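Enquirer: Have a look at the structure that comes next, please.
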Amino acid sequence: SKGSHPMSLLTDEVEVLRRSPMFAGVETPQLKLLAYTGEMVRFDAGEVLFRQGDPGDSAYVILSGEVVVLAESPIGPIQLARLGQHEIVGEIGILCDVSRTATVQAATSLRTLRIAKDCLAEMLESFPGMALAMLRELAQRLSRTSAELVMLRGEGERPDM
């Protein structure tokens, strides 16, 4: 929990943050601060980090393990993505001030660094490069999802009009 980070563990977290494209432009002292103010949260396989529709009050950086991102639908949950080490989930709620756009569930046992909304928002203001990296990641995820939706709808098979 907060404040009880042994230094060796902190170095570990800083290394993971440094390898994340999201934090590429951020200086080591700030990464240390982020790792220190963040809260280490563990999840077992199958546990839910947050549900679609919940308030978006924090983001999670995956330190180890994998998660699945699920969209709740009338026919049950649809897997949108599987994400692993160095990736971040829950940032949309912070960037856009909206409730959770998807459910995120641990696919394996999972170690995460939970970053509070205010802390991440401050980082984004201080480091425009970080905001840019996050936007790039979001855009890639969005284009992947869009491409999958098109495939699902079978629009590629429509004959020319």
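Identifiers for the structure tokens are assigned positionally: chains receive A, B, ... in sequence, residues are indexed from 1 per chain, and ligands are indexed from 1 in the order shown.
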Can you pull out every residue within 10 Å of Glu47 in chain A, counting only C-alpha atoms, but drop anything in the same chain fewer than 6 positions away, and send it as a list in words?
Expert: Val67, Val104, Gln105, Ala106, Ala107, Thr108, Ser109 and Leu110 of chain A
Enquirer: Go ahead and write the residues just picked, N, CA, C and O atoms, as a PDB file, in the first residue's frame.
Expert:
ATOM      1  N   VAL A  67      -4.290  -8.530 -18.840  1.00  0.00           N
ATOM      2  CA  VAL A  67      -5.720  -8.265 -18.632  1.00  0.00           C
ATOM      3  C   VAL A  67      -6.469  -8.433 -19.943  1.00  0.00           C
ATOM      4  O   VAL A  67      -5.871  -8.353 -21.025  1.00  0.00           O
ATOM      5  N   VAL A 104     -12.496  -4.219 -17.358  1.00  0.00           N
ATOM      6  CA  VAL A 104     -11.154  -4.796 -17.445  1.00  0.00           C
ATOM      7  C   VAL A 104     -11.008  -5.867 -16.374  1.00  0.00           C
ATOM      8  O   VAL A 104     -11.300  -5.628 -15.203  1.00  0.00           O
ATOM      9  N   GLN A 105     -10.587  -7.051 -16.813  1.00  0.00           N
ATOM     10  CA  GLN A 105     -10.499  -8.217 -15.939  1.00  0.00           C
ATOM     11  C   GLN A 105      -9.100  -8.823 -16.036  1.00  0.00           C
ATOM     12  O   GLN A 105      -8.514  -8.865 -17.119  1.00  0.00           O
ATOM     13  N   ALA A 106      -8.585  -9.283 -14.905  1.00  0.00           N
ATOM     14  CA  ALA A 106      -7.275  -9.940 -14.895  1.00  0.00           C
ATOM     15  C   ALA A 106      -7.386 -11.280 -15.622  1.00  0.00           C
ATOM     16  O   ALA A 106      -8.264 -12.085 -15.321  1.00  0.00           O
ATOM     17  N   ALA A 107      -6.507 -11.496 -16.606  1.00  0.00           N
ATOM     18  CA  ALA A 107      -6.494 -12.768 -17.347  1.00  0.00           C
ATOM     19  C   ALA A 107      -5.552 -13.752 -16.649  1.00  0.00           C
ATOM     20  O   ALA A 107      -5.697 -14.965 -16.761  1.00  0.00           O
ATOM     21  N   THR A 108      -4.574 -13.190 -15.933  1.00  0.00           N
ATOM     22  CA  THR A 108      -3.587 -14.000 -15.206  1.00  0.00           C
ATOM     23  C   THR A 108      -3.464 -13.327 -13.846  1.00  0.00           C
ATOM     24  O   THR A 108      -4.096 -12.294 -13.607  1.00  0.00           O
ATOM     25  N   SER A 109      -2.615 -13.853 -12.978  1.00  0.00           N
ATOM     26  CA  SER A 109      -2.364 -13.076 -11.766  1.00  0.00           C
ATOM     27  C   SER A 109      -1.630 -11.814 -12.217  1.00  0.00           C
ATOM     28  O   SER A 109      -0.858 -11.837 -13.179  1.00  0.00           O
ATOM     29  N   LEU A 110      -1.907 -10.728 -11.529  1.00  0.00           N
ATOM     30  CA  LEU A 110      -1.596  -9.414 -12.067  1.00  0.00           C
ATOM     31  C   LEU A 110      -1.021  -8.513 -10.983  1.00  0.00           C
ATOM     32  O   LEU A 110      -1.513  -8.498  -9.857  1.00  0.00           O
TER      33      LEU A 110
END
Enquirer: Can you check which residues of chain A DSSP gives as strand (DSSP E) on the backbone and send them as a PyMOL selection string?
Expert: chain A and resi 39-43+48-50+58-64+67-71+78-83+88-89+103-106+110-116
Enquirer: So which one's closest to Thr37 in chain A, A:Glu91, A:Glu72, A:Glu125, A:Asp118? Using only C-alpha atoms, please.
Expert: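 Answer, going by the shortest atom-to-atom distance: A:Asp118.
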Enquirer: Which residues are near Gln79 in chain A? Cut-off 8 Å, only C-alpha atoms, ignore same chain within fewer than 4 positions. Put them as a list of chain:residue names.
Expert: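 Listing them by chain and then by number gives A:Val68, A:Val69, A:Leu70, A:Ala71.
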Enquirer: Can you build me a table of range 55-98 of chain A residues sitting at most 10 Å from range 9-31 of chain A, with the closest atom pair per residue and its distance in Å to one decimal, using only C-alpha atoms, sorted by chain and residue number, as a tab-separated table?
Expert:
residue	atom	partner	partner_atom	distance
A:Val61	CA	A:Leu17	CA	7.8
A:Ile62	CA	A:Val16	CA	8.4
A:Leu63	CA	A:Val16	CA	6.2
A:Ser64	CA	A:Val16	CA	8.9
A:Gln85	CA	A:Val16	CA	7.7
A:His86	CA	A:Ser20	CA	4.6
A:Glu87	CA	A:Ser20	CA	6.4
A:Ile88	CA	A:Met22	CA	8.0
Enquirer: Take the residues just selected and output them with N, CA, C and O atoms as a tab-separated table (two decimals), in the first residue's frame.
Expert:
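This went into selection.tsv:
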chain	number	residue	atom	x	y	z
A	61	VAL	N	-1.23	0.90	-14.46
A	61	VAL	CA	-0.12	0.48	-15.31
A	61	VAL	C	0.14	-0.98	-14.96
A	61	VAL	O	0.29	-1.34	-13.79
A	62	ILE	N	0.20	-1.84	-15.97
A	62	ILE	CA	0.43	-3.27	-15.74
A	62	ILE	C	1.92	-3.50	-15.53
A	62	ILE	O	2.72	-3.24	-16.44
A	63	LEU	N	2.29	-3.96	-14.34
A	63	LEU	CA	3.70	-4.24	-14.03
A	63	LEU	C	4.05	-5.67	-14.43
A	63	LEU	O	5.12	-5.94	-14.93
A	64	SER	N	3.10	-6.59	-14.20
A	64	SER	CA	3.28	-7.96	-14.68
A	64	SER	C	1.92	-8.63	-14.79
A	64	SER	O	1.00	-8.29	-14.05
A	85	GLN	N	2.29	-6.36	-19.87
A	85	GLN	CA	3.27	-5.51	-19.19
A	85	GLN	C	3.55	-4.23	-19.97
A	85	GLN	O	3.58	-4.24	-21.20
A	86	HIS	N	3.72	-3.12	-19.23
A	86	HIS	CA	4.03	-1.77	-19.73
A	86	HIS	C	2.80	-1.05	-20.26
A	86	HIS	O	2.88	0.12	-20.61
A	87	GLU	N	1.66	-1.74	-20.37
A	87	GLU	CA	0.49	-1.07	-20.94
A	87	GLU	C	-0.35	-0.45	-19.82
A	87	GLU	O	-0.19	-0.79	-18.65
A	88	ILE	N	-1.21	0.46	-20.22
A	88	ILE	CA	-2.02	1.19	-19.24
A	88	ILE	C	-3.50	1.00	-19.57
A	88	ILE	O	-3.86	0.92	-20.74
